[in-house]
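Q: Data file work33.pdb (PDB, C-alpha atoms) is appended below.
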ATOM      1  CA  MET X   1    -226.511   7.663  42.839
ATOM      2  CA  LYS X   2    -227.082   9.579  39.652
ATOM      3  CA  ALA X   3    -227.422  13.229  38.815
ATOM      4  CA  ILE X   4    -229.515  14.229  35.825
ATOM      5  CA  VAL X   5    -228.529  17.656  34.585
ATOM      6  CA  ASN X   6    -230.614  19.500  32.020
ATOM      7  CA  VAL X   7    -229.000  22.478  30.321
ATOM      8  CA  TYR X   8    -230.869  24.829  28.033
ATOM      9  CA  LEU X   9    -230.620  28.379  26.725
ATOM     10  CA  LYS X  10    -232.019  31.003  29.078
ATOM     11  CA  GLU X  11    -235.455  32.457  28.541
ATOM     12  CA  GLY X  12    -234.952  35.497  26.348
ATOM     13  CA  VAL X  13    -231.900  34.051  24.615
ATOM     14  CA  LEU X  14    -232.993  33.022  21.131
ATOM     15  CA  ASP X  15    -232.717  29.244  20.633
ATOM     16  CA  PRO X  16    -232.139  28.728  16.871
ATOM     17  CA  GLN X  17    -232.541  24.929  17.053
ATOM     18  CA  GLY X  18    -235.749  25.208  19.055
ATOM     19  CA  LYS X  19    -237.125  27.765  16.633
ATOM     20  CA  ALA X  20    -236.358  25.629  13.568
ATOM     21  CA  THR X  21    -237.977  22.615  15.236
ATOM     22  CA  HIS X  22    -240.998  24.715  16.155
ATOM     23  CA  HIS X  23    -241.415  25.719  12.496
ATOM     24  CA  ALA X  24    -241.076  22.078  11.429
ATOM     25  CA  LEU X  25    -243.789  21.002  13.876
ATOM     26  CA  GLU X  26    -246.087  23.749  12.608
ATOM     27  CA  SER X  27    -245.503  22.753   9.000
ATOM     28  CA  MET X  28    -246.485  19.180   9.980
ATOM     29  CA  ASN X  29    -249.804  20.575  11.197
ATOM     30  CA  PHE X  30    -249.191  20.065  14.915
ATOM     31  CA  LYS X  31    -251.366  22.860  16.196
ATOM     32  CA  GLY X  32    -251.060  24.701  19.448
ATOM     33  CA  VAL X  33    -247.288  24.471  19.880
ATOM     34  CA  GLN X  34    -246.393  27.674  21.719
ATOM     35  CA  ASP X  35    -242.639  27.309  21.984
ATOM     36  CA  VAL X  36    -239.888  24.726  21.593
ATOM     37  CA  ARG X  37    -236.637  24.851  23.530
ATOM     38  CA  ILE X  38    -233.860  22.380  22.844
ATOM     39  CA  GLY X  39    -231.338  21.558  25.520
ATOM     40  CA  LYS X  40    -229.088  18.739  26.501
ATOM     41  CA  GLN X  41    -229.215  16.163  29.235
ATOM     42  CA  ILE X  42    -226.086  15.049  31.053
ATOM     43  CA  VAL X  43    -226.344  11.985  33.297
ATOM     44  CA  ILE X  44    -223.589  11.691  35.895
ATOM     45  CA  SER X  45    -223.008   8.599  38.030
ATOM     46  CA  LEU X  46    -221.601   9.471  41.426
ATOM     47  CA  ASP X  47    -219.820   7.532  44.180
ATOM     48  CA  THR X  48    -221.591   9.220  47.015
ATOM     49  CA  ASP X  49    -224.899   8.254  48.679
ATOM     50  CA  ASP X  50    -225.226  11.673  50.285
ATOM     51  CA  LYS X  51    -227.874  13.556  48.346
ATOM     52  CA  GLU X  52    -226.877  16.938  49.695
ATOM     53  CA  GLU X  53    -223.209  16.409  48.889
ATOM     54  CA  ALA X  54    -224.101  15.216  45.386
ATOM     55  CA  GLN X  55    -226.296  18.262  44.801
ATOM     56  CA  LYS X  56    -223.510  20.589  45.936
ATOM     57  CA  GLU X  57    -220.861  18.931  43.822
ATOM     58  CA  VAL X  58    -222.988  18.775  40.667
ATOM     59  CA  LYS X  59    -223.962  22.423  41.096
ATOM     60  CA  GLU X  60    -220.275  23.303  41.047
ATOM     61  CA  MET X  61    -219.801  21.170  37.919
ATOM     62  CA  CYS X  62    -222.620  23.085  36.272
ATOM     63  CA  GLU X  63    -221.275  26.482  37.217
ATOM     64  CA  THR X  64    -217.738  25.733  36.031
ATOM     65  CA  LEU X  65    -218.165  23.474  33.018
ATOM     66  CA  LEU X  66    -221.524  21.908  32.199
ATOM     67  CA  ALA X  67    -223.406  25.153  31.581
ATOM     68  CA  ASN X  68    -222.275  28.528  30.295
ATOM     69  CA  THR X  69    -224.297  30.712  32.634
ATOM     70  CA  VAL X  70    -223.943  33.710  30.307
ATOM     71  CA  ILE X  71    -226.460  32.050  27.983
ATOM     72  CA  GLU X  72    -227.675  28.881  29.702
ATOM     73  CA  ASP X  73    -229.758  27.761  32.681
ATOM     74  CA  TYR X  74    -229.605  24.317  34.220
ATOM     75  CA  THR X  75    -231.597  22.031  36.496
ATOM     76  CA  ILE X  76    -230.230  19.216  38.646
ATOM     77  CA  GLU X  77    -232.153  16.136  39.674
ATOM     78  CA  ILE X  78    -230.508  13.630  42.016
ATOM     79  CA  VAL X  79    -231.924  10.087  41.684
TER      80      VAL X  79
ATOM     81  CA  MET G  80    -195.446  59.487  10.909
ATOM     82  CA  GLN G  81    -197.819  57.626   8.619
ATOM     83  CA  LYS G  82    -199.364  54.452   9.912
ATOM     84  CA  SER G  83    -197.856  52.326   7.132
ATOM     85  CA  SER G  84    -194.296  53.564   7.612
ATOM     86  CA  LYS G  85    -193.987  52.419  11.228
ATOM     87  CA  LYS G  86    -190.922  50.280  11.683
ATOM     88  CA  ALA G  87    -191.943  46.713  12.360
ATOM     89  CA  ALA G  88    -190.746  45.020  15.514
ATOM     90  CA  ILE G  89    -190.092  41.311  15.389
ATOM     91  CA  LEU G  90    -192.585  39.593  17.650
ATOM     92  CA  LYS G  91    -192.437  36.260  19.383
ATOM     93  CA  VAL G  92    -195.847  34.722  18.749
ATOM     94  CA  ALA G  93    -196.982  31.726  20.805
ATOM     95  CA  ILE G  94    -199.663  29.759  18.917
ATOM     96  CA  LEU G  95    -201.654  27.308  21.026
ATOM     97  CA  ARG G  96    -202.588  23.798  19.876
ATOM     98  CA  PHE G  97    -205.388  21.777  21.392
ATOM     99  CA  PRO G  98    -206.575  18.392  20.168
ATOM    100  CA  GLY G  99    -208.755  19.414  17.204
ATOM    101  CA  THR G 100    -207.104  22.761  16.479
ATOM    102  CA  ASN G 101    -206.637  23.041  12.712
ATOM    103  CA  CYS G 102    -205.622  26.629  11.933
ATOM    104  CA  GLU G 103    -202.299  26.629  13.771
ATOM    105  CA  PHE G 104    -200.183  26.238  10.611
ATOM    106  CA  ASP G 105    -202.074  28.936   8.690
ATOM    107  CA  THR G 106    -201.576  31.212  11.680
ATOM    108  CA  GLN G 107    -197.882  30.333  11.812
ATOM    109  CA  TYR G 108    -197.557  31.004   8.057
ATOM    110  CA  ALA G 109    -199.275  34.375   8.446
ATOM    111  CA  PHE G 110    -197.057  35.653  11.239
ATOM    112  CA  GLU G 111    -193.868  34.276   9.655
ATOM    113  CA  LYS G 112    -194.792  35.959   6.375
ATOM    114  CA  LEU G 113    -194.802  39.200   8.353
ATOM    115  CA  GLY G 114    -191.301  38.391   9.617
ATOM    116  CA  HIS G 115    -192.165  37.302  13.152
ATOM    117  CA  THR G 116    -190.973  34.245  15.014
ATOM    118  CA  THR G 117    -193.557  31.700  16.114
ATOM    119  CA  GLU G 118    -193.748  28.719  18.380
ATOM    120  CA  LEU G 119    -196.529  26.146  18.542
ATOM    121  CA  ILE G 120    -197.482  25.459  22.143
ATOM    122  CA  TRP G 121    -199.141  22.138  23.001
ATOM    123  CA  HIS G 122    -202.098  22.596  25.350
ATOM    124  CA  LYS G 123    -200.487  20.438  28.069
ATOM    125  CA  GLU G 124    -197.696  22.985  28.562
ATOM    126  CA  GLU G 125    -198.022  24.834  31.827
ATOM    127  CA  ALA G 126    -195.990  27.862  30.798
ATOM    128  CA  LEU G 127    -195.597  30.117  27.792
ATOM    129  CA  PRO G 128    -192.134  30.917  26.372
ATOM    130  CA  ALA G 129    -190.642  33.662  28.542
ATOM    131  CA  ASP G 130    -190.194  36.077  25.622
ATOM    132  CA  THR G 131    -193.766  35.790  24.306
ATOM    133  CA  ASP G 132    -195.141  39.069  22.896
ATOM    134  CA  LEU G 133    -198.443  37.726  21.625
ATOM    135  CA  VAL G 134    -200.484  34.593  22.299
ATOM    136  CA  VAL G 135    -202.748  33.425  19.486
ATOM    137  CA  VAL G 136    -205.525  30.946  20.173
ATOM    138  CA  PRO G 137    -206.183  29.713  16.638
ATOM    139  CA  GLY G 138    -209.257  28.280  14.969
ATOM    140  CA  GLY G 139    -210.405  24.697  14.687
ATOM    141  CA  PHE G 140    -212.584  22.335  16.657
ATOM    142  CA  SER G 141    -210.841  21.894  19.984
ATOM    143  CA  TYR G 142    -212.110  18.728  21.674
ATOM    144  CA  GLY G 143    -214.496  18.205  18.763
ATOM    145  CA  ASP G 144    -216.637  21.131  19.994
ATOM    146  CA  TYR G 145    -218.030  18.682  22.565
ATOM    147  CA  LEU G 146    -220.376  20.137  25.185
ATOM    148  CA  ARG G 147    -219.957  23.695  23.811
ATOM    149  CA  SER G 148    -217.337  25.118  21.466
ATOM    150  CA  GLY G 149    -214.291  26.000  23.535
ATOM    151  CA  SER G 150    -215.753  24.815  26.833
ATOM    152  CA  ILE G 151    -213.285  21.987  27.448
ATOM    153  CA  ALA G 152    -210.197  23.640  25.965
ATOM    154  CA  ARG G 153    -210.432  26.415  28.521
ATOM    155  CA  PHE G 154    -209.491  23.914  31.227
ATOM    156  CA  SER G 155    -206.302  22.793  29.457
ATOM    157  CA  PRO G 156    -203.156  23.455  31.519
ATOM    158  CA  VAL G 157    -201.840  26.099  29.123
ATOM    159  CA  MET G 158    -204.930  28.261  29.639
ATOM    160  CA  LYS G 159    -203.887  29.034  33.202
ATOM    161  CA  ALA G 160    -200.683  30.527  31.815
ATOM    162  CA  VAL G 161    -202.674  32.437  29.185
ATOM    163  CA  VAL G 162    -204.966  33.938  31.844
ATOM    164  CA  GLU G 163    -201.917  35.022  33.872
ATOM    165  CA  PHE G 164    -200.291  36.437  30.737
ATOM    166  CA  ALA G 165    -203.438  38.418  29.920
ATOM    167  CA  ASP G 166    -203.884  39.585  33.520
ATOM    168  CA  GLY G 167    -200.335  40.949  33.347
ATOM    169  CA  GLY G 168    -201.237  42.998  30.268
ATOM    170  CA  GLY G 169    -199.964  40.513  27.650
ATOM    171  CA  LYS G 170    -201.688  40.570  24.268
ATOM    172  CA  VAL G 171    -203.913  37.646  23.356
ATOM    173  CA  LEU G 172    -205.748  37.096  20.056
ATOM    174  CA  GLY G 173    -208.457  34.453  19.645
ATOM    175  CA  ILE G 174    -209.578  33.604  16.128
ATOM    176  CA  CYS G 175    -212.829  31.681  15.567
ATOM    177  CA  ASN G 176    -212.601  28.682  17.941
ATOM    178  CA  GLY G 177    -209.977  30.766  19.767
ATOM    179  CA  PHE G 178    -212.607  33.484  20.288
ATOM    180  CA  GLN G 179    -214.990  30.851  21.666
ATOM    181  CA  ILE G 180    -212.282  29.573  24.038
ATOM    182  CA  LEU G 181    -211.528  33.105  25.297
ATOM    183  CA  THR G 182    -215.216  33.790  26.052
ATOM    184  CA  GLU G 183    -215.531  30.421  27.817
ATOM    185  CA  ALA G 184    -212.411  31.272  29.831
ATOM    186  CA  GLY G 185    -213.965  34.583  30.865
ATOM    187  CA  LEU G 186    -211.175  36.602  29.221
ATOM    188  CA  LEU G 187    -213.764  38.151  26.918
ATOM    189  CA  PRO G 188    -217.387  39.008  27.762
ATOM    190  CA  GLY G 189    -220.420  37.336  26.182
ATOM    191  CA  ALA G 190    -220.765  33.943  24.529
ATOM    192  CA  LEU G 191    -221.008  32.396  21.062
ATOM    193  CA  LYS G 192    -224.139  30.445  20.171
ATOM    194  CA  ARG G 193    -225.144  28.311  17.195
ATOM    195  CA  ASN G 194    -225.622  30.392  13.996
ATOM    196  CA  ASN G 195    -229.236  31.499  13.700
ATOM    197  CA  ASN G 196    -229.704  29.578  10.423
ATOM    198  CA  LEU G 197    -228.063  26.485  11.994
ATOM    199  CA  HIS G 198    -225.649  26.241   9.047
ATOM    200  CA  PHE G 199    -221.890  26.092   9.003
ATOM    201  CA  ILE G 200    -221.092  29.303   7.111
ATOM    202  CA  SER G 201    -217.885  29.346   5.060
ATOM    203  CA  LYS G 202    -217.345  32.301   2.700
ATOM    204  CA  HIS G 203    -215.641  35.627   2.219
ATOM    205  CA  GLN G 204    -217.432  38.273   4.263
ATOM    206  CA  HIS G 205    -217.227  42.047   4.426
ATOM    207  CA  LEU G 206    -216.505  43.524   7.821
ATOM    208  CA  LYS G 207    -216.621  47.092   9.032
ATOM    209  CA  VAL G 208    -213.937  48.309  11.404
ATOM    210  CA  ILE G 209    -215.746  49.889  14.351
ATOM    211  CA  ASN G 210    -212.861  50.737  16.672
ATOM    212  CA  SER G 211    -209.279  50.856  15.411
ATOM    213  CA  ASP G 212    -207.866  52.592  18.470
ATOM    214  CA  ASN G 213    -206.306  49.465  19.942
ATOM    215  CA  ALA G 214    -203.239  47.213  19.697
ATOM    216  CA  PHE G 215    -204.888  45.003  17.066
ATOM    217  CA  LEU G 216    -206.622  47.115  14.422
ATOM    218  CA  ASN G 217    -204.449  50.245  14.593
ATOM    219  CA  ARG G 218    -203.356  49.797  10.943
ATOM    220  CA  CYS G 219    -207.000  50.024   9.893
ATOM    221  CA  SER G 220    -209.281  53.061  10.025
ATOM    222  CA  ASN G 221    -212.692  53.338  11.633
ATOM    223  CA  ASP G 222    -215.466  52.520   9.119
ATOM    224  CA  GLU G 223    -212.969  50.832   6.800
ATOM    225  CA  ILE G 224    -214.457  47.809   5.015
ATOM    226  CA  LEU G 225    -212.408  44.613   4.950
ATOM    227  CA  ASN G 226    -212.997  41.358   3.117
ATOM    228  CA  ILE G 227    -212.038  38.373   5.279
ATOM    229  CA  PRO G 228    -213.120  34.712   5.223
ATOM    230  CA  ILE G 229    -215.457  33.349   7.877
ATOM    231  CA  ALA G 230    -215.951  29.632   8.612
ATOM    232  CA  HIS G 231    -218.018  28.739  11.636
ATOM    233  CA  ALA G 232    -221.173  27.113  12.995
ATOM    234  CA  ASP G 233    -221.129  28.806  16.398
ATOM    235  CA  GLY G 234    -220.461  32.460  15.672
ATOM    236  CA  ASN G 235    -223.708  33.959  16.896
ATOM    237  CA  TYR G 236    -222.357  36.400  19.466
ATOM    238  CA  TYR G 237    -224.593  36.994  22.474
ATOM    239  CA  ILE G 238    -224.291  39.522  25.262
ATOM    240  CA  ASP G 239    -227.052  41.027  27.393
ATOM    241  CA  ASP G 240    -228.185  44.644  26.910
ATOM    242  CA  GLU G 241    -226.133  45.940  29.796
ATOM    243  CA  GLY G 242    -223.021  44.191  28.462
ATOM    244  CA  LEU G 243    -223.641  45.552  24.977
ATOM    245  CA  THR G 244    -223.922  49.113  26.281
ATOM    246  CA  SER G 245    -220.661  48.752  28.121
ATOM    247  CA  LEU G 246    -218.914  47.303  25.012
ATOM    248  CA  GLU G 247    -220.168  50.279  23.016
ATOM    249  CA  GLU G 248    -219.227  52.874  25.620
ATOM    250  CA  ASN G 249    -215.707  51.503  26.066
ATOM    251  CA  GLY G 250    -214.994  51.136  22.348
ATOM    252  CA  GLN G 251    -214.674  47.354  22.696
ATOM    253  CA  ILE G 252    -216.523  46.445  19.504
ATOM    254  CA  LEU G 253    -213.841  45.812  16.891
ATOM    255  CA  LEU G 254    -215.735  44.593  13.841
ATOM    256  CA  ARG G 255    -219.263  44.160  12.531
ATOM    257  CA  TYR G 256    -220.528  42.125   9.575
ATOM    258  CA  CYS G 257    -221.580  44.333   6.670
ATOM    259  CA  ASN G 258    -222.182  44.256   2.927
ATOM    260  CA  ALA G 259    -219.768  45.669   0.320
ATOM    261  CA  GLN G 260    -221.306  49.122   0.869
ATOM    262  CA  GLY G 261    -220.699  48.951   4.599
ATOM    263  CA  GLU G 262    -224.332  48.485   5.639
ATOM    264  CA  ARG G 263    -224.775  46.238   8.629
ATOM    265  CA  GLN G 264    -225.615  42.676   7.636
ATOM    266  CA  VAL G 265    -227.147  39.772   9.537
ATOM    267  CA  VAL G 266    -224.802  36.850   8.903
ATOM    268  CA  ASN G 267    -225.188  34.498  11.857
ATOM    269  CA  GLY G 268    -227.554  36.255  14.251
ATOM    270  CA  SER G 269    -224.866  38.042  16.311
ATOM    271  CA  VAL G 270    -226.098  40.851  18.562
ATOM    272  CA  THR G 271    -225.834  44.033  16.411
ATOM    273  CA  SER G 272    -223.858  41.952  13.868
ATOM    274  CA  ILE G 273    -220.757  41.866  16.059
ATOM    275  CA  ALA G 274    -217.864  39.930  14.484
ATOM    276  CA  GLY G 275    -215.111  40.798  16.958
ATOM    277  CA  ILE G 276    -214.569  42.416  20.350
ATOM    278  CA  CYS G 277    -211.858  43.120  22.898
ATOM    279  CA  ASN G 278    -211.770  43.219  26.686
ATOM    280  CA  GLU G 279    -212.005  46.406  28.698
ATOM    281  CA  LYS G 280    -208.204  46.692  29.073
ATOM    282  CA  LYS G 281    -207.874  46.245  25.296
ATOM    283  CA  ASN G 282    -205.215  43.558  25.435
ATOM    284  CA  VAL G 283    -207.414  40.527  24.711
ATOM    285  CA  PHE G 284    -209.020  40.333  21.262
ATOM    286  CA  GLY G 285    -211.459  37.876  19.734
ATOM    287  CA  LEU G 286    -213.035  37.609  16.308
ATOM    288  CA  MET G 287    -214.857  34.966  14.276
ATOM    289  CA  PRO G 288    -213.340  35.895  10.854
ATOM    290  CA  HIS G 289    -209.955  34.455   9.848
ATOM    291  CA  PRO G 290    -207.355  37.156   9.045
ATOM    292  CA  GLU G 291    -204.713  34.411   8.736
ATOM    293  CA  ARG G 292    -206.619  33.121   5.702
ATOM    294  CA  ALA G 293    -206.473  36.526   4.015
ATOM    295  CA  MET G 294    -202.719  36.827   3.454
ATOM    296  CA  GLU G 295    -202.442  36.243  -0.309
ATOM    297  CA  THR G 296    -204.246  38.071  -3.132
ATOM    298  CA  ILE G 297    -204.280  34.867  -5.176
ATOM    299  CA  LEU G 298    -206.361  33.275  -2.413
ATOM    300  CA  GLY G 299    -208.954  36.033  -2.488
ATOM    301  CA  SER G 300    -207.728  38.691  -0.075
ATOM    302  CA  GLU G 301    -204.626  39.955   1.637
ATOM    303  CA  GLU G 302    -206.452  42.285   3.971
ATOM    304  CA  GLY G 303    -205.571  40.074   6.902
ATOM    305  CA  ILE G 304    -202.029  41.414   6.654
ATOM    306  CA  LYS G 305    -202.789  44.861   8.003
ATOM    307  CA  MET G 306    -204.935  43.378  10.737
ATOM    308  CA  LEU G 307    -202.175  41.136  12.054
ATOM    309  CA  GLN G 308    -199.531  43.843  11.509
ATOM    310  CA  GLY G 309    -201.293  45.919  14.142
ATOM    311  CA  PHE G 310    -199.527  43.972  16.861
ATOM    312  CA  GLU G 311    -196.161  45.311  15.614
ATOM    313  CA  GLN G 312    -196.654  48.749  17.111
TER     314      GLN G 312
END
Would you mind writing the file's structure down as structure tokens?

A:
Amino acid sequence: MKAIVNVYLKEGVLDPQGKATHHALESMNFKGVQDVRIGKQIVISLDTDDKEEAQKEVKEMCETLLANTVIEDYTIEIV
Amino acid sequence: MQKSSKKAAILKVAILRFPGTNCEFDTQYAFEKLGHTTELIWHKEEALPADTDLVVVPGGFSYGDYLRSGSIARFSPVMKAVVEFADGGGKVLGICNGFQILTEAGLLPGALKRNNNLHFISKHQHLKVINSDNAFLNRCSNDEILNIPIAHADGNYYIDDEGLTSLEENGQILLRYCNAQGERQVVNGSVTSIAGICNEKKNVFGLMPHPERAMETILGSEEGIKMLQGFEQ
């Protein structure tokens, strides 16, 4: 089973890469772009078939290493 | 007694090396120029030399800055010993990538993000000393302006409002970016232009600028000398 982790800067923490990309989109005449946030996706293959166990373990990975919770939020999807 | 006439103690300085560290020899040169003894400590070591007076986490690109700058280095075996050393009151200095590692390790508050202009910035930069009443900057005076090189892509210091208030109230802000006249300057997007901070106990210090690269007038500045000499008190 796989865990898909998305990590991005928290709302309210300025995302310089997202902002630059937003400006680029505007200058290309894409209208109606309200905001751009850039994050990273981490795909983890796991031994277990237990969804709950996987969720728990990946959450711990996020809290300790994959995200810096001072500035970042994360989401976990188990597939 | 005047600040400059203090008799210098010889320090034992432990300088950490991770895969990708690249400022360890400059740091060694700087402290040896001041007459101190140094030892390079590979990150797989589980203990620091018993007579260590100061641990320096030098600059570079530990683990290629993968994931986040400093995020993987903080799990190296030696960091456990550094946390214990700091918890026991030992002095720790993180320069540039070392500052990033110390925030990731939770030894310093806040975090360092990508520079707001997304560029790697490498130049001499004026800094204003905000608090000199500590074991690091005691040879400097408050409001003194220093000229020290910076070289980083992830130096955009972030801390929430509550954290910032507590840094200010406890005198934990060490340095801010400024122009030659001492006016605050936006260099990389840091909250209130912070360039360096310390922990609440004032034994763990972190800064983005490189004092170890400001040790020779012929190379542009020797103002790093009095910064690093602070640890001699």

Q: Please identify every residue of stretch 122-198 of chain G that has at least one atom no farther than 9 Å from an atom of stretch 69-78 of chain X, counting only C-alpha atoms, and for each give the shortest atom pair and the distance in Å to one decimal, arranged by chain then increasing number, as a tab-separated table.

A:
residue	atom	partner	partner_atom	distance
G:Pro188	CA	X:Val70	CA	8.8
G:Gly189	CA	X:Val70	CA	6.5
G:Ala190	CA	X:Val70	CA	6.6
G:Leu191	CA	X:Ile71	CA	8.8
G:Lys192	CA	X:Ile71	CA	8.3

Q: Between G:Gly242, G:Pro98, G:Gly173, G:Gly138, which residue has the minimum interatomic distance to G:Trp121, considering only C-alpha atoms?

A: G:Pro98

Q: May I ask you to extract the residues of chain G within 10 Å of chain X, using all atoms listed in the file, and to give them as a list in words?

A: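 So the contacting residues turn out to be Leu146, Arg147, Ser150, Ile151, Arg153, Phe154, Thr182, Glu183, Ala184, Pro188, Gly189, Ala190, Leu191, Lys192, Arg193, Asn194, Asn195, Asn196, Leu197, Asn235, Tyr237, Ile238, Asp239 and Gly268 of chain G.
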
Q: Output C-alpha atoms for every residue in that selection, as an mmCIF file, keeping the file's coordinate frame.

A:
data_model
loop_
_atom_site.group_PDB
_atom_site.id
_atom_site.type_symbol
_atom_site.label_atom_id
_atom_site.label_comp_id
_atom_site.auth_asym_id
_atom_site.auth_seq_id
_atom_site.Cartn_x
_atom_site.Cartn_y
_atom_site.Cartn_z
ATOM 1 C CA LEU G 146 -220.376 20.137 25.185
ATOM 2 C CA ARG G 147 -219.957 23.695 23.811
ATOM 3 C CA SER G 150 -215.753 24.815 26.833
ATOM 4 C CA ILE G 151 -213.285 21.987 27.448
ATOM 5 C CA ARG G 153 -210.432 26.415 28.521
ATOM 6 C CA PHE G 154 -209.491 23.914 31.227
ATOM 7 C CA THR G 182 -215.216 33.790 26.052
ATOM 8 C CA GLU G 183 -215.531 30.421 27.817
ATOM 9 C CA ALA G 184 -212.411 31.272 29.831
ATOM 10 C CA PRO G 188 -217.387 39.008 27.762
ATOM 11 C CA GLY G 189 -220.420 37.336 26.182
ATOM 12 C CA ALA G 190 -220.765 33.943 24.529
ATOM 13 C CA LEU G 191 -221.008 32.396 21.062
ATOM 14 C CA LYS G 192 -224.139 30.445 20.171
ATOM 15 C CA ARG G 193 -225.144 28.311 17.195
ATOM 16 C CA ASN G 194 -225.622 30.392 13.996
ATOM 17 C CA ASN G 195 -229.236 31.499 13.700
ATOM 18 C CA ASN G 196 -229.704 29.578 10.423
ATOM 19 C CA LEU G 197 -228.063 26.485 11.994
ATOM 20 C CA ASN G 235 -223.708 33.959 16.896
ATOM 21 C CA TYR G 237 -224.593 36.994 22.474
ATOM 22 C CA ILE G 238 -224.291 39.522 25.262
ATOM 23 C CA ASP G 239 -227.052 41.027 27.393
ATOM 24 C CA GLY G 268 -227.554 36.255 14.251
#

Q: For a quick check of understanding, using only C-alpha atoms, which of X:Glu57, X:Asp49, X:Met1, X:Val7 has the smallest distance to X:Val79?

A: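 Using only C-alpha atoms, X:Val79 sits closest to X:Met1.
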
Q: Write out as a ChimeraX atom specification which residues come within 6 Å of stretch 211-221 of chain G when counting all atoms listed in the file, dropping same-chain ones fewer than 5 positions away.

A: /G:305-306,309-310

Q: As a check of understanding, name the residues that the PyMOL selection byres ((chain G and resi 290-293) around 12) selects in the supplied structure, as a ChimeraX atom specification.

A: /G:102-113,135-138,172-175,201-206,215-216,225-230,275,285-289,294-309

Q: Expressed in Å to a single decimal, how great is the separation between atom CA of G:Arg96 and atom CA of G:Glu118?

A: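 Straight-line distance from atom CA of G:Arg96 to atom CA of G:Glu118 works out to 10.2 Å.
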
Q: So what do you get for atom CA of G:Ala88 versus atom CA of G:Ala126, distance-wise?

A: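 Distance reported for this atom pair: 23.6 Å.
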
Q: Set the distance at 8 Å and use all atoms listed in the file: which residues neighbour G:Leu90 once local chain neighbours fewer than 5 positions away are removed? I'd like the list as a VMD selection string.

A: chain G and resid 115 to 116 131 to 133 311

Q: Enter the distance from atom CA of G:Thr100 to atom CA of G:Gly143, in Å, rounded to one decimal.

A: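 Result for atom CA of G:Thr100 versus atom CA of G:Gly143: 9.0 Å, one decimal.
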
Q: So, with only C-alpha atoms as the atoms that count, which of X:Lys59, X:Lys10, X:Lys2, X:Lys51 lies closest to X:Arg37?

A: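 Nearest to X:Arg37: X:Lys10.
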
Q: Considering all atoms listed in the file, state which residue in the set G:Val208, G:Ile200, G:Leu187, G:Leu243 is at the smallest distance from G:Lys281.

A: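 The shortest atom-to-atom distance to G:Lys281 comes from G:Leu187.
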
Q: Go through X:Thr21, X:Ala54, X:Thr48, X:Glu60 and flag the residue nearest X:Val36, using all atoms listed in the file for the distances.

A: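 Looking at the shortest contact to X:Val36, the residue is X:Thr21.
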
Q: Provide stretch 213-225 of chain G rebuilt to N, CA and C atoms, formatted as a compact mmCIF listing (two decimals), in the frame of the given file.

A:
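File written: out-v7.txt
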# COMPACT_ATOMS: atom_id res chain seq x y z
N ASN G 213 -206.73 50.53 19.04
CA ASN G 213 -206.31 49.46 19.94
C ASN G 213 -205.09 48.76 19.34
N ALA G 214 -204.50 47.85 20.11
CA ALA G 214 -203.24 47.21 19.70
C ALA G 214 -203.41 46.25 18.54
N PHE G 215 -204.64 45.96 18.14
CA PHE G 215 -204.89 45.00 17.07
C PHE G 215 -205.16 45.72 15.74
N LEU G 216 -206.17 46.57 15.71
CA LEU G 216 -206.62 47.12 14.42
C LEU G 216 -206.07 48.50 14.11
N ASN G 217 -204.96 48.88 14.76
CA ASN G 217 -204.45 50.24 14.59
C ASN G 217 -203.95 50.55 13.18
N ARG G 218 -203.75 49.53 12.34
CA ARG G 218 -203.36 49.80 10.94
C ARG G 218 -204.59 50.02 10.06
N CYS G 219 -205.76 49.80 10.62
CA CYS G 219 -207.00 50.02 9.89
C CYS G 219 -207.60 51.35 10.35
N SER G 220 -208.60 51.83 9.62
CA SER G 220 -209.28 53.06 10.02
C SER G 220 -210.71 52.72 10.41
N ASN G 221 -211.28 53.54 11.29
CA ASN G 221 -212.69 53.34 11.63
C ASN G 221 -213.53 53.43 10.36
N ASP G 222 -214.54 52.58 10.27
CA ASP G 222 -215.47 52.52 9.12
C ASP G 222 -214.85 51.91 7.87
N GLU G 223 -213.58 51.51 7.94
CA GLU G 223 -212.97 50.83 6.80
C GLU G 223 -213.67 49.49 6.58
N ILE G 224 -213.81 49.09 5.32
CA ILE G 224 -214.46 47.81 5.01
C ILE G 224 -213.40 46.81 4.59
N LEU G 225 -213.38 45.67 5.25
CA LEU G 225 -212.41 44.61 4.95
C LEU G 225 -213.15 43.42 4.37
